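Right, one structure below, let's go through it.
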Amino acid sequence: MVHLAAAACLVSGIVMGAPAEAAPASLITAPPPSAAPAEFTWRRSTPEAQGVHSEILLRGLRRIRAEDLDTHGLVIIRNDHVILECYVHPYGPDTLHNVKSVSKSVMSSLAGIALREGVIDSLDQRVQEFFPEHFGDDADPRKRRIAIRHLLTMTSGLDLDENGPIMQGIFGSGDWIGATFARPMAGEPGERFVYSTPLTHTFSGILTRASGLSAFDFARVHLFGPLGIERVQWTTGPDGYSFGGSEVFMTPRDMAKFGVLYLHRGRWRDRQVIPEAWVEVSTRNRLQGDLATRASYGYGWWPNQKGRFGAIGWGGQGIGIDPKHDLVAVGTAGGSGSFGELFHHLDDYEPSNEPLPPDPEAVAALQRLVHDLAHPAPRPVPEPPALAKTVSGRRYELDANPRGMRDIMFDFPGAGPGAGDSTVARVTARTAIGDLVMDIGLDGIDRISDLGALGHMPEGNRAANHGAWTADDTFTIDGHELGNPMHSRTVVVFTGDEIEVTSVSRPLMRRLVVTGRLAATPPE
């Protein structure tokens, strides 16, 4: 079926095909987001008052510009004080973001809660108890020994991969769990560590069959609700289960709440949301024997030898927790510009346990840079080539293409319906299921267009785009779907009555080319 948002990759550089760690959602269960973002409850402080040098943070933020890094949002909390909160245009504190495999750490927290609530009896319960239909009489005996703990530690023994043909085949099916357990065994459960999202998705199915609630609804009752996280969204797969391992959409502030919850060993204010013992066992290396010397993975968390642990998602999404220094760091990005890239110089940095001398100069410089990243200055709009007026408002019929786009039309300032604002162009694409209309900033500032329910989020999707004439016959668009870590550059070349649209996504570097020609008749 043609997906209207998928067509947008040719128009604005939005890549809406199957993302890494994910497949397109088919069934959606999510409440509409509230009108205003949830309150951010922590006190704010200068870094120095919490024992951190502002200059250290400033050095990291400067790299965003110097290296053109695709950073979206950053939050750093020390001693329950926010010492840095930074967003790069067009992102902001209320932007929902696909946290990718940070979702696995969310699933881990639900496992600890499910154990406390008696929804599951133990981690040694076997998968076949919940999904007997996937274990026939001829099933490999090793497969029958796969337990919940093997799902959470990625040690099932199944022949799986991550972001490879096996996972793509599983997520291309209508029954993700059935396809997972149709895979042959490659070893005994517990003996091989193979990171694979279908395993945590299987736990999502177990949680639903055991509790009668989707993982999303279970989380709203036992996790998101107590934390005051209201604007979360979570996609559902074709098998009817919340995607247990990816496609949770949260704001960086709410990611920070989840991180602080773990910093405080599962306690939020006066409530023990997650059992303290579960926080302890799930964030330590659970791999056994030889595996423990080659990898470090807990129950959905990545611990290290320095006592830190993190939730890590593809494309630069992450929550880092450092109990020794009472510190939580959150980052969202689009393939580069992750927290680790910006602040690798902090690996050996020791924050002080006492306040540092005030440094008003560095604090002011930090505040200015945070402001400038969120509010970039518009650039002068250069005079467009003569061709802009010629092609403006003309409809181009497109050849058959994987995105199902039928035609495309550009309106440039000086002609057509987009003529009112000299800094904005407009592109309209017609597909088998509807029209897609988006604005393009010509002054270097992204213009945001509402995609409604069309996109990776269950609803409320938006696109952000800016563009420029890069040659007399070439218009280039940089665009992305807000909150999704894949961005693209789309190059449109006009040659006589013909058009060629080339879109290259990053960081996957997938390339799509579509050609077309000037329409002889008006659209139907």
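Naming scheme: A, B, ... for chains in displayed order of the structure tokens; residues 1 onward per chain; ligands 1 onward as shown.
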
Show me, as a ChimeraX atom specification, the residues that have an atom within 8 Å of A:Gly460 when counting only C-alpha atoms, minus same-chain residues fewer than 6 positions from it. /A:33,450-454

So which residues touch A:Asn465 within 7 Å, counting only C-alpha atoms, skipping near sequence neighbours fewer than 3 positions away, as a list of chain:residue names?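 Final neighbour list, sorted by chain and number: A:Ser12, A:Asp439, A:Ile440, A:Gly441, A:Asp446, A:Arg447, A:Ile448, A:Ile477, A:Asp478, A:Gly479, A:His480.
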
Which residues of stretch 242-296 of chain A have any atom within 9 Å of an atom in stretch 177-193 of chain A when counting only C-alpha atoms, and what is the closest pair of atoms for each, with the distance in Å to one decimal? Order the rows by chain and rising number and write it as JSON lines.
{"residue": "A:Leu287", "atom": "CA", "partner": "A:Gly190", "partner_atom": "CA", "distance": 7.8}
{"residue": "A:Gln288", "atom": "CA", "partner": "A:Gly190", "partner_atom": "CA", "distance": 7.5}
{"residue": "A:Gly289", "atom": "CA", "partner": "A:Glu191", "partner_atom": "CA", "distance": 8.5}
{"residue": "A:Asp290", "atom": "CA", "partner": "A:Glu191", "partner_atom": "CA", "distance": 8.6}
{"residue": "A:Leu291", "atom": "CA", "partner": "A:Phe193", "partner_atom": "CA", "distance": 7.1}
{"residue": "A:Ala295", "atom": "CA", "partner": "A:Phe193", "partner_atom": "CA", "distance": 8.0}

Please produce a file of the residues just selected, as a short mmCIF file (atom, residue, chain, number, x, y, z; two decimals), in the first residue's frame, where the atoms kept are N, CA and C atoms.
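Okay, again-v9.cif is ready:
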data_model
loop_
_atom_site.label_atom_id
_atom_site.label_comp_id
_atom_site.auth_asym_id
_atom_site.auth_seq_id
_atom_site.Cartn_x
_atom_site.Cartn_y
_atom_site.Cartn_z
N LEU A 287 25.82 -11.20 31.29
CA LEU A 287 26.37 -12.25 30.44
C LEU A 287 27.27 -13.16 31.26
N GLN A 288 27.28 -14.42 30.91
CA GLN A 288 27.96 -15.42 31.71
C GLN A 288 29.24 -15.93 31.03
N GLY A 289 30.17 -16.42 31.85
CA GLY A 289 31.35 -17.11 31.35
C GLY A 289 32.16 -16.28 30.39
N ASP A 290 32.51 -16.91 29.26
CA ASP A 290 33.31 -16.26 28.22
C ASP A 290 32.65 -15.00 27.69
N LEU A 291 31.32 -15.04 27.59
CA LEU A 291 30.59 -13.89 27.06
C LEU A 291 30.89 -12.63 27.87
N ALA A 295 31.75 -9.02 26.10
CA ALA A 295 30.65 -8.05 25.94
C ALA A 295 30.09 -7.72 27.31
#

Which residue of A:Ile64, A:Gly244, A:Met509, A:Ile445 approaches A:Tyr87 most closely, using only C-alpha atoms: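 Nearest candidate to A:Tyr87 out of A:Ile64, A:Gly244, A:Met509, A:Ile445: A:Ile64.
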
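Each of A:Ala329, A:Ala362, A:Val504, A:Leu115 was checked against A:Arg78 using only C-alpha atoms; the smallest atom-to-atom distance is that of A:Ala329.
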
Shell of 10 Å around stretch 142-154 of chain A, only C-alpha atoms, local chain residues under 2 positions omitted, as an MDAnalysis selection string: chainID A and resid 104:105 107:108 111 120 122:129 132 134:136 139:140 156:158 160 181:203 206 282 285:287 296:301

Emit the selected residues as a compact mmCIF listing (two decimals), in the first residue's frame, including C-alpha atoms.
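Saved to again_30.txt:
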# COMPACT_ATOMS: atom_id res chain seq x y z
CA LYS A 104 14.71 -1.69 25.09
CA SER A 105 15.63 -0.12 28.42
CA MET A 107 11.00 -2.69 28.17
CA SER A 108 13.50 -3.76 30.84
CA ALA A 111 9.97 -6.48 33.16
CA ILE A 120 5.23 -12.89 35.28
CA SER A 122 10.27 -15.26 37.02
CA LEU A 123 12.82 -14.63 34.31
CA ASP A 124 13.13 -18.39 33.92
CA GLN A 125 9.64 -18.72 32.47
CA ARG A 126 9.99 -20.08 28.97
CA VAL A 127 8.68 -18.41 25.84
CA GLN A 128 6.76 -21.51 24.80
CA GLU A 129 4.55 -21.07 27.87
CA PRO A 132 2.82 -22.48 22.42
CA HIS A 134 5.21 -21.40 17.74
CA PHE A 135 6.61 -24.61 19.26
CA GLY A 136 5.48 -27.66 17.34
CA ALA A 139 10.70 -28.00 17.62
CA ASP A 140 14.41 -28.01 18.47
CA SER A 156 18.41 -16.69 22.86
CA GLY A 157 20.63 -18.92 20.72
CA LEU A 158 18.39 -18.26 17.70
CA LEU A 160 19.30 -13.78 14.23
CA PHE A 181 10.81 -18.38 16.41
CA ALA A 182 10.73 -19.93 12.96
CA ARG A 183 14.44 -19.19 12.81
CA PRO A 184 16.79 -22.14 13.45
CA MET A 185 18.92 -22.37 16.55
CA ALA A 186 22.60 -21.47 16.25
CA GLY A 187 23.55 -22.43 19.79
CA GLU A 188 22.32 -23.17 23.27
CA PRO A 189 20.34 -20.39 25.01
CA GLY A 190 22.67 -18.29 27.17
CA GLU A 191 25.83 -19.14 25.23
CA ARG A 192 25.78 -16.53 22.42
CA PHE A 193 25.21 -12.77 22.59
CA VAL A 194 23.49 -11.61 19.39
CA TYR A 195 21.83 -8.22 19.72
CA SER A 196 18.47 -8.43 17.93
CA THR A 197 15.34 -6.31 18.31
CA PRO A 198 12.91 -9.21 17.64
CA LEU A 199 13.83 -10.61 21.05
CA THR A 200 12.64 -7.62 23.06
CA HIS A 201 9.59 -7.47 20.81
CA THR A 202 8.86 -11.03 21.88
CA PHE A 203 8.89 -9.88 25.49
CA ILE A 206 4.67 -11.98 26.57
CA SER A 282 19.32 -5.10 35.30
CA ASN A 285 26.51 -7.25 33.14
CA ARG A 286 24.31 -10.36 33.01
CA LEU A 287 26.37 -12.25 30.44
CA SER A 296 28.78 -6.19 28.63
CA TYR A 297 25.00 -6.17 28.58
CA GLY A 298 22.44 -6.23 31.34
CA TYR A 299 18.70 -6.67 30.99
CA GLY A 300 18.21 -4.09 28.24
CA TRP A 301 20.97 -1.78 29.53

Pairwise distance, atom CA of A:Ile319 with atom CA of A:Arg63, equals 19.9 Å

Using DSSP on the backbone coordinates, identify the residues of stretch 156-401 of chain A assigned to strand (DSSP E or B); present them as JSON, numbers by chain. {"A": [158, 185, 233, 234, 235, 236, 242, 244, 246, 248, 249, 250, 267, 268, 271, 272, 302, 303, 309, 310, 311, 312, 313, 317, 318, 319, 320, 321, 322, 327, 328, 329, 330, 331, 332, 333, 395, 396, 397, 398]}

A:Val427, A:Met409, A:Val363, A:Leu61: which is nearest A:Arg517, counting only C-alpha atoms?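 Closest to A:Arg517, using only C-alpha atoms: A:Met409.
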
Would you kindly return, as a PyMOL selection string, each protein, DNA or RNA residue with an atom no farther than 7 Å from any atom of A:Thr476, considering only C-alpha atoms and excluding same-chain residues fewer than 3 positions away? chain A and resi 467-470+490-492

Alpha helix (DSSP H) positions in stretch 295-423 of chain A, given as a PyMOL selection string: chain A and resi 339-342+360-374+386-391

For the residues selected in the previous step, produce a file with C-alpha atoms as a short mmCIF file (atom, residue, chain, number, x, y, z; two decimals), in the first residue's frame.
data_model
loop_
_atom_site.label_atom_id
_atom_site.label_comp_id
_atom_site.auth_asym_id
_atom_site.auth_seq_id
_atom_site.Cartn_x
_atom_site.Cartn_y
_atom_site.Cartn_z
CA PHE A 339 26.26 13.00 23.36
CA GLY A 340 29.29 10.71 23.14
CA GLU A 341 30.61 12.51 20.06
CA LEU A 342 30.17 15.96 21.55
CA PRO A 360 30.16 34.30 34.71
CA GLU A 361 32.02 34.75 31.42
CA ALA A 362 31.85 31.07 30.51
CA VAL A 363 28.24 30.83 31.71
CA ALA A 364 27.26 33.78 29.53
CA ALA A 365 29.05 32.29 26.51
CA LEU A 366 27.28 28.98 27.11
CA GLN A 367 23.90 30.67 27.34
CA ARG A 368 24.53 32.64 24.13
CA LEU A 369 25.48 29.52 22.21
CA VAL A 370 22.45 27.61 23.51
CA HIS A 371 20.24 30.49 22.35
CA ASP A 372 21.93 30.78 18.95
CA LEU A 373 21.65 27.04 18.24
CA ALA A 374 17.91 27.20 18.92
CA ALA A 386 15.36 32.90 -14.35
CA LEU A 387 14.32 29.24 -14.49
CA ALA A 388 12.59 29.56 -11.10
CA LYS A 389 9.79 31.62 -12.62
CA THR A 390 9.55 29.32 -15.62
CA VAL A 391 9.03 26.13 -13.60
#

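Once A:Val260 and its same-chain neighbours fewer than 4 positions away are set aside, Asp80, Ala256, His264, Ile321 and Val328 of chain A remain within 8 Å of it when counting only C-alpha atoms.
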
Using the selection just defined, write its residues with C-alpha atoms as a PDB file, in the first residue's frame.
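Result file is out28.pdb:
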ATOM      1  CA  ASP A  80      18.982  16.941  40.522  1.00  0.00           C
ATOM      2  CA  ALA A 256      15.758  12.667  31.477  1.00  0.00           C
ATOM      3  CA  HIS A 264      17.637   7.171  42.186  1.00  0.00           C
ATOM      4  CA  ILE A 321      23.689   7.481  33.984  1.00  0.00           C
ATOM      5  CA  VAL A 328      22.304  11.984  33.993  1.00  0.00           C
TER       6      VAL A 328
END

Would you kindly return, as a PyMOL selection string, each protein, DNA or RNA residue with an atom no farther than 7 Å from any atom of A:Lys257, considering only C-alpha atoms and excluding same-chain residues fewer than 4 positions away? chain A and resi 227+253+261
